>>> print(open('start20.tsv').read())   # TSV, C-alpha atoms
chain	number	residue	atom	x	y	z
A	1	MET	CA	9.66	23.64	-7.37
A	2	LYS	CA	10.69	20.05	-6.66
A	3	GLU	CA	13.39	21.26	-4.27
A	4	TRP	CA	10.81	23.38	-2.48
A	5	THR	CA	8.54	20.35	-2.08
A	6	GLU	CA	11.40	18.27	-0.73
A	7	GLN	CA	12.37	21.02	1.72
A	8	LEU	CA	8.79	21.38	2.92
A	9	THR	CA	8.47	17.62	3.34
A	10	ARG	CA	11.78	17.45	5.22
A	11	LEU	CA	10.71	20.29	7.50
A	12	LEU	CA	7.41	18.61	8.29
A	13	ARG	CA	9.16	15.27	8.90
A	14	GLU	CA	11.56	16.97	11.33
A	15	SER	CA	8.60	18.60	13.09
A	16	VAL	CA	6.84	15.25	13.43
A	17	ASN	CA	10.04	13.66	14.75
A	18	ALA	CA	10.48	16.48	17.26
A	19	SER	CA	6.87	16.00	18.38
A	20	ALA	CA	7.42	12.26	18.77
A	21	GLU	CA	10.58	12.88	20.80
A	22	ALA	CA	8.68	15.30	23.04
A	23	ALA	CA	5.96	12.68	23.52
A	24	VAL	CA	8.57	10.08	24.52
A	25	LYS	CA	10.12	12.48	27.04
A	26	PHE	CA	6.68	13.27	28.42
A	27	GLN	CA	5.94	9.55	28.69
A	28	GLU	CA	9.20	8.97	30.61
A	29	GLN	CA	8.30	11.79	33.01
A	30	THR	CA	4.85	10.28	33.49
A	31	TRP	CA	6.40	6.91	34.36
A	32	ARG	CA	8.70	8.59	36.89
A	33	MET	CA	5.76	10.46	38.40
A	34	VAL	CA	3.67	7.30	38.74
A	35	ASP	CA	6.64	5.40	40.24
A	36	GLU	CA	7.12	8.21	42.74
A	37	LEU	CA	3.42	8.15	43.68
A	38	VAL	CA	3.58	4.38	44.16
A	39	GLN	CA	6.70	4.70	46.34
A	40	ARG	CA	5.04	7.35	48.52
A	41	GLY	CA	2.04	5.11	48.90
A	42	THR	CA	-0.32	7.68	47.42
A	43	VAL	CA	-1.30	5.27	44.66
A	44	ALA	CA	-1.45	1.49	44.93
A	45	LYS	CA	0.99	-0.45	42.76
A	46	GLU	CA	-1.84	-2.05	40.74
A	47	GLU	CA	-3.44	1.36	40.18
A	48	GLY	CA	-0.09	2.78	39.02
A	49	GLN	CA	0.36	-0.14	36.63
A	50	ARG	CA	-3.14	0.40	35.24
A	51	LEU	CA	-2.46	4.12	34.76
A	52	LEU	CA	0.78	3.38	32.88
A	53	GLU	CA	-0.88	0.81	30.61
A	54	GLN	CA	-3.70	3.23	29.85
A	55	TRP	CA	-1.19	5.96	29.11
A	56	ASN	CA	0.83	3.66	26.81
A	57	ARG	CA	-2.30	2.66	24.89
A	58	ARG	CA	-3.37	6.27	24.37
A	59	THR	CA	0.13	7.34	23.37
A	60	GLU	CA	0.42	4.55	20.79
A	61	GLN	CA	-2.99	5.42	19.34
A	62	PHE	CA	-1.99	9.07	19.12
A	63	GLN	CA	1.30	8.21	17.39
A	64	GLU	CA	-0.47	5.94	14.89
A	65	ARG	CA	-2.99	8.66	14.04
A	66	LEU	CA	-0.22	11.23	13.72
A	67	GLU	CA	1.81	9.01	11.40
A	68	GLU	CA	-1.25	8.24	9.26
A	69	LYS	CA	-2.14	11.96	8.96
A	70	TYR	CA	1.46	12.72	8.02
A	71	ARG	CA	1.47	10.04	5.31
A	72	GLN	CA	-1.82	11.37	3.93
A	73	TRP	CA	-0.53	14.93	3.92
A	74	GLU	CA	2.73	13.95	2.24
A	75	GLU	CA	0.92	11.92	-0.43
A	76	GLY	CA	-1.51	14.79	-1.07
A	77	LEU	CA	1.35	17.25	-1.34
A	78	ARG	CA	3.20	15.10	-3.85
A	79	LYS	CA	0.07	14.50	-5.92
A	80	GLY	CA	-1.00	18.15	-5.81
A	81	LEU	CA	2.36	19.63	-6.64
A	82	GLY	CA	3.36	16.85	-9.00
A	83	SER	CA	1.34	18.36	-11.82
A	84	TYR	CA	3.06	21.74	-11.34
A	85	LEU	CA	6.59	20.41	-11.31
A	86	PRO	CA	8.56	20.60	-14.56
A	87	PRO	CA	9.54	17.23	-16.03
A	88	SER	CA	12.80	15.74	-14.87
A	89	ARG	CA	15.75	15.30	-17.20
A	90	GLN	CA	15.05	11.55	-17.38
A	91	GLU	CA	11.42	12.17	-18.35
A	92	VAL	CA	12.54	14.47	-21.19
A	93	VAL	CA	15.06	11.89	-22.40
A	94	ASP	CA	12.36	9.19	-22.32
A	95	LEU	CA	9.99	11.41	-24.33
A	96	HIS	CA	12.69	12.07	-26.95
A	97	ARG	CA	13.35	8.33	-27.20
A	98	LYS	CA	9.62	7.62	-27.72
A	99	LEU	CA	9.37	10.39	-30.32
A	100	ASP	CA	12.34	8.97	-32.22
A	101	GLN	CA	10.74	5.53	-32.14
A	102	LEU	CA	7.43	6.89	-33.45
A	103	LEU	CA	9.19	8.76	-36.25
A	104	GLY	CA	11.01	5.55	-37.19
A	105	ASN	CA	7.70	3.67	-37.26
A	106	LEU	CA	6.22	6.37	-39.48
A	107	GLN	CA	9.12	6.07	-41.92
A	108	MET	CA	8.60	2.29	-42.09
A	109	LEU	CA	4.88	2.75	-42.76
A	110	LYS	CA	5.60	5.03	-45.72
A	111	GLY	CA	7.42	2.16	-47.45
A	112	LYS	CA	4.68	-0.42	-46.79
A	113	THR	CA	2.52	-1.80	-49.58
A	114	GLY	CA	-1.25	-1.81	-49.85
A	115	ARG	CA	-3.58	-4.80	-50.32
A	116	ARG	CA	-2.49	-7.78	-52.42
A	117	GLY	CA	1.14	-6.67	-52.49
A	118	ARG	CA	0.49	-3.61	-54.64
A	119	PRO	CA	1.90	-0.28	-53.60
A	120	ALA	CA	-0.49	1.71	-51.48
A	121	PRO	CA	-2.65	3.97	-53.66
A	122	LYS	CA	-1.89	7.63	-53.59
A	123	ALA	CA	-4.59	9.93	-52.44
A	124	LYS	CA	-6.32	11.60	-55.39
A	125	ALA	CA	-6.37	15.32	-55.43
A	126	ARG	CA	-9.94	16.50	-55.25
A	127	ARG	CA	-11.19	19.48	-57.09
A	128	PRO	CA	-12.93	21.99	-54.93
A	129	LYS	CA	-16.68	22.10	-55.36
A	130	ALA	CA	-18.11	24.98	-57.26
A	131	LYS	CA	-19.62	27.68	-55.17
A	132	PRO	CA	-23.33	28.18	-55.69
A	133	SER	CA	-24.16	31.29	-57.65
A	134	ARG	CA	-25.50	34.24	-55.78
A	135	LYS	CA	-28.96	35.47	-56.59
A	136	ARG	CA	-29.23	39.17	-57.05
>>> encode(input="start20.tsv", output="C-alpha cells")
Amino acid sequence: MKEWTEQLTRLLRESVNASAEAAVKFQEQTWRMVDELVQRGTVAKEEGQRLLEQWNRRTEQFQERLEEKYRQWEEGLRKGLGSYLPPSRQEVVDLHRKLDQLLGNLQMLKGKTGRRGRPAPKAKARRPKAKPSRKR
C-alpha cells in the first residue's frame, strides 16, 4: 500500500511539473508575441511592458495556488492512507523493544516490597458469596 501511495504521489508530482513546464513555454511564447507586436508597432512599448508584467503576476499567482493545492492534496493523501498502511519494520522493532522494556519493569515490580519495608501482602482469596435461596 505504501508503494502505491508513493507511486501515486510521484505521478501527481510529475503531472504538476509537466503543467509548470507547459506554463513556462506558454509564457515564453507570450513574451515573443508581445515583442513581435511591439516591433510591428501594433502595441506601444509601454503597453507591451504592462501586458508582460500583468501576465507574470497572474502566472506567479497561479503557480503559487497550484503548489499550495498540491501540498494540501499530498498531505491529505498521506494522512488518509497512513492509517491503512501496515506498520514498517522499524515500527515493529520499536514496539517489540517497548514490550520487552515493559515486561522487564513488571518483573522488577514483582520483587518490590510493600509499605515499611515489609513484603507486599498477597491478595486474599475470597470465598464466593452464597446464592440466595429460591422461593418456590
>>> residues_around(input="start20.tsv", residues="A:Trp55", least_positions_apart="3", cutoff="12 Å", atoms="all atoms listed in the file", output="PyMOL selection string")
chain A and resi 23-24+26-31+34+48-52+58-62
>>> atom_distance(input="start20.tsv", atom1="atom CA of A:Asn56", atom2="atom CA of A:Val16")
18.7 Å
>>> atom_distance(input="start20.tsv", atom1="atom CA of A:Thr5", atom2="atom CA of A:Glu75")
11.5 Å
>>> atom_distance(input="start20.tsv", atom1="atom CA of A:Gly76", atom2="atom CA of A:Thr9")
11.3 Å
>>> closest_residue(input="start20.tsv", among="A:His96, A:Lys45, A:Arg89, A:Arg10", to="A:Tyr70", atoms="all atoms listed in the file")
A:Arg10
>>> axis_aligned_box(input="start20.tsv", around="stretch 14-24 of chain A", padding_each_side="3 Å", output="lines of an AutoDock Vina configuration file")
center_x = 8.8
center_y = 14.3
center_z = 17.9
size_x = 11.6
size_y = 14.5
size_z = 19.2
>>> decode(input="start20.tsv", residues="stretch 33-61 of chain A", atoms="N, CA and C atoms", output="tab-separated table (two decimals), in the first residue's frame")
chain	number	residue	atom	x	y	z
A	33	MET	N	5.34	36.92	-28.59
A	33	MET	CA	4.22	37.54	-29.28
A	33	MET	C	4.14	39.03	-28.97
A	34	VAL	N	4.32	39.38	-27.69
A	34	VAL	CA	4.26	40.80	-27.32
A	34	VAL	C	5.43	41.55	-27.94
A	35	ASP	N	6.63	40.96	-27.95
A	35	ASP	CA	7.79	41.60	-28.59
A	35	ASP	C	7.52	41.84	-30.07
A	36	GLU	N	6.92	40.85	-30.72
A	36	GLU	CA	6.61	40.98	-32.14
A	36	GLU	C	5.59	42.09	-32.38
A	37	LEU	N	4.58	42.19	-31.51
A	37	LEU	CA	3.58	43.25	-31.64
A	37	LEU	C	4.21	44.63	-31.43
A	38	VAL	N	5.15	44.71	-30.49
A	38	VAL	CA	5.84	45.98	-30.24
A	38	VAL	C	6.69	46.35	-31.46
A	39	GLN	N	7.38	45.37	-32.03
A	39	GLN	CA	8.24	45.64	-33.20
A	39	GLN	C	7.42	46.08	-34.40
A	40	ARG	N	6.25	45.52	-34.58
A	40	ARG	CA	5.38	45.91	-35.70
A	40	ARG	C	4.76	47.28	-35.48
A	41	GLY	N	4.75	47.69	-34.22
A	41	GLY	CA	4.15	48.99	-33.93
A	41	GLY	C	2.67	48.88	-33.60
A	42	THR	N	2.15	47.67	-33.52
A	42	THR	CA	0.75	47.47	-33.21
A	42	THR	C	0.46	47.86	-31.76
A	43	VAL	N	1.43	47.59	-30.89
A	43	VAL	CA	1.29	47.90	-29.47
A	43	VAL	C	2.48	48.78	-29.07
A	44	ALA	N	2.21	49.80	-28.28
A	44	ALA	CA	3.29	50.66	-27.80
A	44	ALA	C	4.18	49.86	-26.86
A	45	LYS	N	5.44	50.28	-26.76
A	45	LYS	CA	6.39	49.57	-25.91
A	45	LYS	C	5.94	49.55	-24.45
A	46	GLU	N	5.42	50.66	-23.95
A	46	GLU	CA	4.95	50.73	-22.56
A	46	GLU	C	3.77	49.77	-22.34
A	47	GLU	N	2.88	49.74	-23.33
A	47	GLU	CA	1.71	48.85	-23.24
A	47	GLU	C	2.16	47.38	-23.24
A	48	GLY	N	3.14	47.06	-24.06
A	48	GLY	CA	3.68	45.69	-24.10
A	48	GLY	C	4.32	45.32	-22.78
A	49	GLN	N	5.06	46.27	-22.19
A	49	GLN	CA	5.69	46.03	-20.90
A	49	GLN	C	4.64	45.80	-19.83
A	50	ARG	N	3.58	46.59	-19.85
A	50	ARG	CA	2.49	46.44	-18.89
A	50	ARG	C	1.82	45.08	-19.04
A	51	LEU	N	1.58	44.67	-20.28
A	51	LEU	CA	0.96	43.36	-20.53
A	51	LEU	C	1.84	42.22	-19.99
A	52	LEU	N	3.15	42.32	-20.21
A	52	LEU	CA	4.06	41.28	-19.72
A	52	LEU	C	4.10	41.23	-18.20
A	53	GLU	N	4.12	42.39	-17.56
A	53	GLU	CA	4.13	42.41	-16.09
A	53	GLU	C	2.84	41.82	-15.53
A	54	GLN	N	1.73	42.17	-16.16
A	54	GLN	CA	0.44	41.63	-15.72
A	54	GLN	C	0.42	40.11	-15.89
A	55	TRP	N	0.92	39.66	-17.03
A	55	TRP	CA	0.98	38.23	-17.29
A	55	TRP	C	1.86	37.52	-16.26
A	56	ASN	N	3.03	38.10	-15.96
A	56	ASN	CA	3.94	37.50	-14.96
A	56	ASN	C	3.26	37.40	-13.60
A	57	ARG	N	2.59	38.44	-13.20
A	57	ARG	CA	1.91	38.45	-11.90
A	57	ARG	C	0.86	37.35	-11.82
A	58	ARG	N	0.05	37.26	-12.87
A	58	ARG	CA	-1.00	36.22	-12.89
A	58	ARG	C	-0.41	34.82	-12.92
A	59	THR	N	0.65	34.64	-13.67
A	59	THR	CA	1.29	33.33	-13.75
A	59	THR	C	1.87	32.93	-12.40
A	60	GLU	N	2.53	33.85	-11.72
A	60	GLU	CA	3.10	33.55	-10.40
A	60	GLU	C	2.00	33.20	-9.40
A	61	GLN	N	0.90	33.94	-9.43
A	61	GLN	CA	-0.21	33.65	-8.53
A	61	GLN	C	-0.78	32.27	-8.81
